[in-house]
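Novice: The structure is given below, and queries will be raised subsequently.
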Amino acid sequence: MIRGGPTRDATEDRRRAVWCWLDRHLGRGSYSWLRGWLDPQREYTQRIYVRAVDRLLKPEVRWLDAGCGHRIFCKYALSSEEEQKRVRAVRLAVGCDLDAVALREHRSLHNRLECGLSALPFADESFDLITLNMVAEHLDEPDVVFGEFARVLSPGGSLVIHTPNAASYFVRLVRLGRKLLPKSLAFRLIKYREGRDPEDVFPAFYRANTRRDLSRLLTAVGFSGAHVSLLAEQPLFSFLAPLSAVELLLSRLLLLLGWRDFGACVILGVYQRLPRAVISTGTQETIRGVREPGTESGSDRSVRTTGPARAGLPLAREMSESVKSE
């Protein structure tokens, strides 16, 4: 037993070392060298998203990161220190989400609110910039949410949306896999490929996830598309080198043939709030007024501030008056 223990440990260490080598060169780590050979122009879309937001960050900007979770930008695209620099560089930065645990763990925002996006507790024209990073696909009622964005954005303000393209082969395969695979296996694949735990996987509806759907929904509430791009992302089968190589070549061919809606799996859109936008509410068209917290019932309407007490984040009319007086 004494001599067998170290032997078994050594065998296990060798197996682990072999697995790590295979995973690095033929598994999840293979995408790096395959991309360099087969599609060197392809870039991580989260980094492109960071640059798009950077172009809109100015000292006078009031910024809302909607559905902020526990960070504004992906950790692989931007460090915590760099994210904090961007938050400090603007006049006001606020994050909101329904996930209270994620809000408490946020790495850069001091002003954080626990609330839904369909009834934002802010006065009209409270912000100049709203960012939505991999959130649009989870919206059950995107028309209502986009109407709220139009209400709280100042005329000329910008909305940046970074989301999967539901018209792409990538999302079509993902949705098919979710239907066919047992939930436990699907979660294991997500964990292996992306490193996400089951609690970080949320229902996706894809009701605002094509260029056409986004244009239709946003135009209806007073936005224009200033710049909309379809971007190629890391292959779906990036965790297995042979399949990853085939997918890289096929997706590149689709893009070369001009089939971007099918071949590009990510939408990055920068939309502008038109002046004096009229928001349609049912059959009556009105400009929405100030909503005070607690005026509507329902779990989506609950509002709680999260973060340091010194933040003293004002809501609704109080926020509007405070930012305008600065």
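Labels used: A, B, ... for chains in the order of the structure tokens, numbers from 1 for residues in each chain, and numbers from 1 for ligands as shown.
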Among stretch 100-213 of chain A, which residues does DSSP mark as strand (DSSP E or B) when it is run on the backbone? Keep the chain and numbering as in the structure and answer as a short mmCIF file (atom, residue, chain, number, x, y, z; two decimals) with C-alpha atoms, in the first residue's frame.
Specialist:
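Just written: selection_15.cif:
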```
data_model
loop_
_atom_site.label_atom_id
_atom_site.label_comp_id
_atom_site.auth_asym_id
_atom_site.auth_seq_id
_atom_site.Cartn_x
_atom_site.Cartn_y
_atom_site.Cartn_z
CA ASN A 111 -23.39 52.94 -8.59
CA ARG A 112 -25.35 49.71 -8.95
CA LEU A 113 -29.09 49.02 -8.92
CA GLU A 114 -31.04 45.80 -8.72
CA PHE A 122 -34.61 56.84 -14.00
CA PHE A 127 -28.04 59.20 -19.74
CA ASP A 128 -25.97 59.88 -22.84
CA LEU A 129 -24.77 56.31 -23.38
CA ILE A 130 -26.30 52.87 -22.77
CA THR A 131 -24.31 49.68 -23.33
CA LEU A 132 -25.77 46.18 -23.67
CA ASN A 133 -23.10 43.48 -23.74
CA LEU A 153 -31.36 58.47 -23.25
CA SER A 154 -30.83 62.09 -24.12
CA PRO A 155 -31.45 63.14 -27.76
CA GLY A 156 -28.34 62.27 -29.75
CA GLY A 157 -27.31 59.70 -27.14
CA SER A 158 -25.89 56.32 -28.15
CA LEU A 159 -26.96 52.73 -27.56
CA VAL A 160 -24.29 50.06 -28.12
CA ILE A 161 -25.52 46.47 -28.54
CA HIS A 162 -23.17 43.47 -28.68
CA THR A 163 -25.15 40.25 -29.10
CA PRO A 164 -25.26 36.91 -30.95
#
```
Novice: When you look at A:Pro40 with a cut-off of 12 Å (counting only C-alpha atoms), what residues show up, excluding the ones that are within fewer than 5 positions of it in the same chain? I need them as a tab-separated table (two decimals) with C-alpha atoms, in the first residue's frame.
Specialist:
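So result_12.tsv came out as:
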```tsv
chain	number	residue	atom	x	y	z
A	31	TYR	CA	-7.88	27.86	-31.72
A	32	SER	CA	-4.99	30.27	-31.16
A	33	TRP	CA	-2.63	28.61	-33.61
A	34	LEU	CA	-5.36	27.58	-36.03
A	35	ARG	CA	-6.60	31.16	-36.28
A	232	ALA	CA	-17.00	36.42	-37.00
A	234	GLN	CA	-14.40	31.91	-32.21
A	248	LEU	CA	-12.85	28.30	-39.59
A	249	LEU	CA	-12.45	27.59	-43.29
A	252	ARG	CA	-14.38	32.33	-43.85
```
Novice: Which one is closest to A:Lys183: A:Leu120, A:Leu217, A:Val201, A:Val87? Count only C-alpha atoms.
Specialist: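 Going through A:Leu120, A:Leu217, A:Val201, A:Val87 one by one, the smallest distance to A:Lys183 is for A:Val201.
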Novice: With only C-alpha atoms as the atoms that count, which of A:Arg8, A:Lys58, A:Arg107, A:Arg193 lies nearest to A:Glu82?
Specialist: A:Arg107
Novice: Env of A:Ser30: 8 Å cut, atoms = only C-alpha atoms, seq-sep filter 6 positions within chain, self excluded. Answer as a PyMOL selection string.
Specialist: chain A and resi 23-24+238-241
Novice: Those residues you just picked out, can you put them in a file as an mmCIF file, in the first residue's frame with C-alpha atoms?
Specialist:
```
data_model
loop_
_atom_site.group_PDB
_atom_site.id
_atom_site.type_symbol
_atom_site.label_atom_id
_atom_site.label_comp_id
_atom_site.auth_asym_id
_atom_site.auth_seq_id
_atom_site.Cartn_x
_atom_site.Cartn_y
_atom_site.Cartn_z
ATOM 1 C CA ASP A 23 -6.128 20.104 -24.597
ATOM 2 C CA ARG A 24 -3.556 22.847 -25.206
ATOM 3 C CA SER A 238 -13.089 25.456 -31.068
ATOM 4 C CA PHE A 239 -12.491 22.817 -28.394
ATOM 5 C CA LEU A 240 -11.552 20.160 -31.002
ATOM 6 C CA ALA A 241 -8.846 21.063 -33.533
#
```
Novice: So how far away is atom CA of A:Ala208 from atom CA of A:Asp65, in Å?
Specialist: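 So the answer is 18.0 Å.
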Novice: Can you pull out every residue within 8 Å of A:Phe205, counting only C-alpha atoms, but drop anything in the same chain fewer than 6 positions away, and send it as a PyMOL selection string?
Specialist: chain A and resi 137-140
Novice: Would you pick out the contacts of A:Glu233 at 12 Å or less, using only C-alpha atoms, so that residues sharing its chain but fewer than 6 positions from it are not included, and give the list as a compact mmCIF listing (two decimals) with C-alpha atoms, in the first residue's frame?
Specialist:
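Resulting contents of out26.txt:
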```
# COMPACT_ATOMS: atom_id res chain seq x y z
CA TYR A 31 -7.88 27.86 -31.72
CA ARG A 35 -6.60 31.16 -36.28
CA ASP A 39 -7.87 33.31 -40.49
CA GLN A 41 -7.72 38.72 -39.40
CA ARG A 42 -10.35 37.24 -37.10
CA GLU A 43 -10.49 39.04 -33.74
CA TYR A 44 -12.20 38.43 -30.43
CA THR A 45 -15.42 40.43 -30.73
CA GLN A 46 -15.32 41.54 -27.09
CA ARG A 47 -12.16 43.53 -27.91
CA ILE A 48 -13.92 45.13 -30.88
CA THR A 163 -25.15 40.25 -29.10
CA PRO A 164 -25.26 36.91 -30.95
CA ASN A 165 -26.65 36.91 -34.49
CA SER A 168 -26.04 32.71 -38.19
CA TYR A 169 -25.20 29.02 -38.46
CA PHE A 170 -23.54 29.31 -35.04
CA VAL A 171 -26.69 30.30 -33.13
CA SER A 244 -12.36 23.91 -35.45
CA GLU A 247 -15.41 25.50 -39.24
CA LEU A 248 -12.85 28.30 -39.59
CA SER A 251 -17.11 30.40 -42.05
CA ARG A 252 -14.38 32.33 -43.85
CA GLY A 263 -21.54 33.24 -41.58
CA ALA A 264 -21.01 35.95 -38.92
CA CYS A 265 -22.25 35.00 -35.49
CA VAL A 266 -22.12 38.34 -33.64
CA ILE A 267 -23.88 41.67 -34.15
CA LEU A 268 -22.24 44.89 -32.97
```
Novice: Could you pull out the helix (DSSP H, G or I) residues of stretch 144-264 of chain A, going by DSSP on the backbone, and write them as a PyMOL selection string?
Specialist: chain A and resi 144-152+169-180+183-194+198-200+211-220+241-256+260-263
Novice: Give me the residues near A:Asp99 as a list in words, where near means some atom within 10 Å (using only C-alpha atoms) and where sequence neighbours in that chain fewer than 4 positions away do not count.
Specialist: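 Listing them by chain and then by number gives Gly67, Cys68, Gly69, His70, Leu103, Arg104, Leu113, Glu114, Cys115 and Gly116 of chain A.
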Novice: Keeping only C-alpha atoms, take the residues you just selected and write them out as a PDB file, in the first residue's frame.
Specialist:
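After the write, selection07.pdb holds the following:
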```
ATOM      1  CA  GLY A  67     -27.594  44.050 -17.484  1.00  0.00           C
ATOM      2  CA  CYS A  68     -24.135  44.727 -16.092  1.00  0.00           C
ATOM      3  CA  GLY A  69     -23.641  41.478 -14.143  1.00  0.00           C
ATOM      4  CA  HIS A  70     -20.338  41.555 -12.265  1.00  0.00           C
ATOM      5  CA  LEU A 103     -24.091  43.252  -8.533  1.00  0.00           C
ATOM      6  CA  ARG A 104     -22.438  42.845  -5.151  1.00  0.00           C
ATOM      7  CA  LEU A 113     -29.094  49.025  -8.922  1.00  0.00           C
ATOM      8  CA  GLU A 114     -31.043  45.796  -8.724  1.00  0.00           C
ATOM      9  CA  CYS A 115     -33.857  46.317 -11.223  1.00  0.00           C
ATOM     10  CA  GLY A 116     -35.330  45.002 -14.460  1.00  0.00           C
TER      11      GLY A 116
END
```
